[in-house]
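Before any comments, here is the structure.
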Amino acid sequence: MTMTECPGPVAAREVTDRHGRVYRIGETDDDLLGRARGWMAALPWTGTAGIGAAEAAFAAAAAPPHGTGWWGDGRLWWPAGVWLVCRAAVALPAGRLRERGRLPARAAVPVGALVALLCCPAVAFAPHAPAARALFAVGGGLAAGLVQATCVSTAAKWHPERRGARTGLVAGGLTCGAAPLVLLAVAGPDPGGHRTAWVAAGAALCLLVAAAGRELRDPPPNWWPAHADPRRVPRDPRERRARAKNPPAVRQFGPREAIRTPALWLMWCVLGTAGAGVLGAAVRVVSGAGGEFGGRTVAAAVCGAVLAAGLGGALFGRLSDGLGRRTALVAACLLPAAAGFAPAALPRGGGTALFLCCAALSGLAGGAVGPLLAAMTADCFGENALASVHGVVRTAGLLPGLAVCAPGTVAGAEGHLGVLMGCAGLLAAALATFLRAPGGHRIRRIVPNPHPLGEEMA
């Protein structure tokens with residue numbers, strides 16, 4: 001792993017807390033970076049938002065001329081599934097290479113931008129060719145997964161005391177960056193008639209991502225901000241509340257140690273089941289709830305879901321700093337359950353308003369669950385091996401991706417999407433209630449000895 005080196009002599013020292021965890025304190029962000037660490041949230045957000053916007057531009061360029069509702073074309077489900085599979089699969093090997101120093105953050109993000117720049121324009125110039133769609137799905141998924149995983153872990157390492165808001169902001173940048181271009185493609189002029197402009201915009205955004213990635217740096221192992229002593233209660237009430245609700249990991253776990261803990265696999269199951277619920281919501285939105293709604297309503301639902309997903313990470317990440325990661329995660333998992341069961345529970349008169357509301361709730365959940373689990377991974381296992389451990393958790397995204405790739409899965413499940421969403425959300429919320437950081441000490445009720453030692457001796 002490539003770490004930041006101090007430009008001059010700095011009084012850094014290592015301290016231990018009551019659990020024996022080692023912290024490196026004394027070095028400020030200015031000492032390590034020559035600038036405020038807020039740049040290590042702004043630049044990663046630029047990277048994730050830029051790659052999301054670039055791929056949205058390339059996808060818009062592939063729209064057929066004078067097409068309506070091209071986002072719901074059934075032929076696009078298998079490329080979407082391949083995109084999801086590649087995005088989830090690249091996180092673990094990229095994390096391992098990064099921690100071994102073979103693929104530092106400043107190289108990983110430009111590599112992802114280059115992959116998108118080389119692979120994604122093919123779908124614009126050959127929109128109906130299966131080979132071009134496959135190239136877009138594989139290249140776009142690998143690029144998005146590599147950039148997002150690198151940027152999220154970088155932001156989490158630089159903000160260990162209040163990482164929820166920063167991690168949620170960066171992780172949500174992927175959808176947040178795509179949202180304006182999706183709105184323009186759906187509500188603006190026909191994208192198929194401006195194919196060259198869309199491709200040029202995507203290429204420029206890829207270059208912006210590469211430029212932002214070249215400035216990324218990792219802090220030294222065990223680094224902690226100089227102004228916040230990890231052994232003492234913070235004076236700032238917001239930081240005190242965040243520390244109490246989300247205590248730091250008791251020690252730094254390696255990938256093999258983390259894999260042997262039940263907490264990691266419980267996170268894996270939560271992400272997989274919540275992803276199934278969000279997948280059901282996506283299918284329901286683009287299919288217009290089985291053809292019940294018209295093209296304009298479906299377009300508005302798509303735009304609302306994308307906008308909500310872009311805001312979900314930042315909103316729930318900030319809430320998790322005050323309410324606790326687990327509480328916020330349970331609430332986020334209940335959103336697709338509410339969106340799935342609401343049409344069946346409420347009278348059929350809800351109509352368009354209910355459909356749009358359910359789409360927004362589903363998008364909010366889709367943008368919140370991933371960032372919350374990324375922050376919780378650092379809270380449970382530490383920051384030193386965060387890229388690899390979070391990569392293991394991210395592999396749960398293979399399940400919904402493979403389900404979309406399977407022939408006939410989407411068409412066969414359209415009649416049961418509400419039940420699927422509701423059950424998956426409830427199961428994910430139930431599993432999230434059992435999440436506990438490994439190695440923590442629980443306070444148990446102490447029962448007094450009915451036979452004290454003095455009485456027995458007497």
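Here's how to read the names in the structure tokens: chain A, B, ... by the order shown, residue numbers from 1 in each chain, ligand numbers from 1 in the order shown.
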
*Contacts of region 48-64 of chain A at 6 Å or less, counting only C-alpha atoms, minus same-chain residues fewer than 2 places along, as a PyMOL selection string?*
chain A and resi 45-46+67+121+123-124+127+148+173-174+177-178+191-192+195+198-199+202+205+209

*Per DSSP on the backbone, filter region 126-359 of chain A down to the residues in alpha helix (DSSP H) and report them as a count of residues only.*
175

*To one decimal place, how far is CA of Gly370 (chain A) from CA of Ala149 (chain A) in Å?*
10.9 Å

_Exercise: Val115 (chain A) partners within 9 Å, only C-alpha atoms, chain neighbours under 3 positions left out, as a PyMOL selection string_ = chain A and resi 110-112+118-120+139-140+142-143

Those selected residues, please, written with N, CA and C atoms and delivered as an mmCIF file, in the first residue's frame.
data_model
loop_
_atom_site.group_PDB
_atom_site.id
_atom_site.type_symbol
_atom_site.label_atom_id
_atom_site.label_comp_id
_atom_site.auth_asym_id
_atom_site.auth_seq_id
_atom_site.Cartn_x
_atom_site.Cartn_y
_atom_site.Cartn_z
ATOM 1 N N PRO A 110 -7.282 6.363 -12.124
ATOM 2 C CA PRO A 110 -7.022 6.589 -13.557
ATOM 3 C C PRO A 110 -7.157 5.334 -14.408
ATOM 4 N N VAL A 111 -6.785 4.169 -13.856
ATOM 5 C CA VAL A 111 -6.960 2.927 -14.612
ATOM 6 C C VAL A 111 -8.442 2.676 -14.875
ATOM 7 N N GLY A 112 -9.280 2.879 -13.862
ATOM 8 C CA GLY A 112 -10.714 2.713 -14.073
ATOM 9 C C GLY A 112 -11.259 3.674 -15.106
ATOM 10 N N LEU A 118 -11.994 3.378 -22.958
ATOM 11 C CA LEU A 118 -11.693 2.468 -24.065
ATOM 12 C C LEU A 118 -12.866 1.566 -24.421
ATOM 13 N N CYS A 119 -13.679 1.202 -23.430
ATOM 14 C CA CYS A 119 -14.714 0.190 -23.662
ATOM 15 C C CYS A 119 -16.099 0.771 -23.908
ATOM 16 N N CYS A 120 -16.450 1.832 -23.174
ATOM 17 C CA CYS A 120 -17.841 2.274 -23.182
ATOM 18 C C CYS A 120 -18.300 2.950 -24.464
ATOM 19 N N GLY A 139 -16.666 -3.566 -19.389
ATOM 20 C CA GLY A 139 -15.773 -2.436 -19.140
ATOM 21 C C GLY A 139 -16.363 -1.415 -18.195
ATOM 22 N N GLY A 140 -17.643 -1.086 -18.392
ATOM 23 C CA GLY A 140 -18.281 -0.120 -17.507
ATOM 24 C C GLY A 140 -18.398 -0.622 -16.085
ATOM 25 N N LEU A 142 -16.456 -2.913 -14.562
ATOM 26 C CA LEU A 142 -15.121 -2.933 -13.949
ATOM 27 C C LEU A 142 -14.658 -1.524 -13.585
ATOM 28 N N ALA A 143 -14.898 -0.565 -14.471
ATOM 29 C CA ALA A 143 -14.468 0.808 -14.212
ATOM 30 C C ALA A 143 -15.215 1.399 -13.029
#

*Within 7 Å of region 314-330 of chain A, counting only C-alpha atoms, which residues qualify if same-chain residues fewer than 5 places away don't, as a VMD selection string?*
chain A and resid 162 164 to 165 167 to 169 172 241 to 242 245 to 246 368 to 369 372 376 429 432 to 433

Produce a table with one row for each residue of region 101-193 of chain A that has an atom at most 10 Å from any atom of region 223-229 of chain A, each row naming the nearest atom pair and its distance in Å at one decimal; use only C-alpha atoms; arrange rows by chain and rising residue number; format as JSON lines.
{"residue": "A:Lys157", "atom": "CA", "partner": "A:Trp223", "partner_atom": "CA", "distance": 8.2}
{"residue": "A:Trp158", "atom": "CA", "partner": "A:Trp224", "partner_atom": "CA", "distance": 8.1}
{"residue": "A:His159", "atom": "CA", "partner": "A:Pro225", "partner_atom": "CA", "distance": 7.9}
{"residue": "A:Pro160", "atom": "CA", "partner": "A:Trp224", "partner_atom": "CA", "distance": 6.9}
{"residue": "A:Glu161", "atom": "CA", "partner": "A:Ala228", "partner_atom": "CA", "distance": 7.9}

Write to file, as a PDB file, in the first residue's frame, the residues of the selection just made, with C-alpha atoms.
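As a result, out-v1.pdb now contains:
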ATOM      1  CA  LYS A 157      -9.391   6.190   6.005  1.00  0.00           C
ATOM      2  CA  TRP A 158      -9.026   9.969   6.186  1.00  0.00           C
ATOM      3  CA  HIS A 159     -12.156  10.476   8.336  1.00  0.00           C
ATOM      4  CA  PRO A 160     -12.085   7.692  10.956  1.00  0.00           C
ATOM      5  CA  GLU A 161     -13.872   9.602  13.726  1.00  0.00           C
TER       6      GLU A 161
END
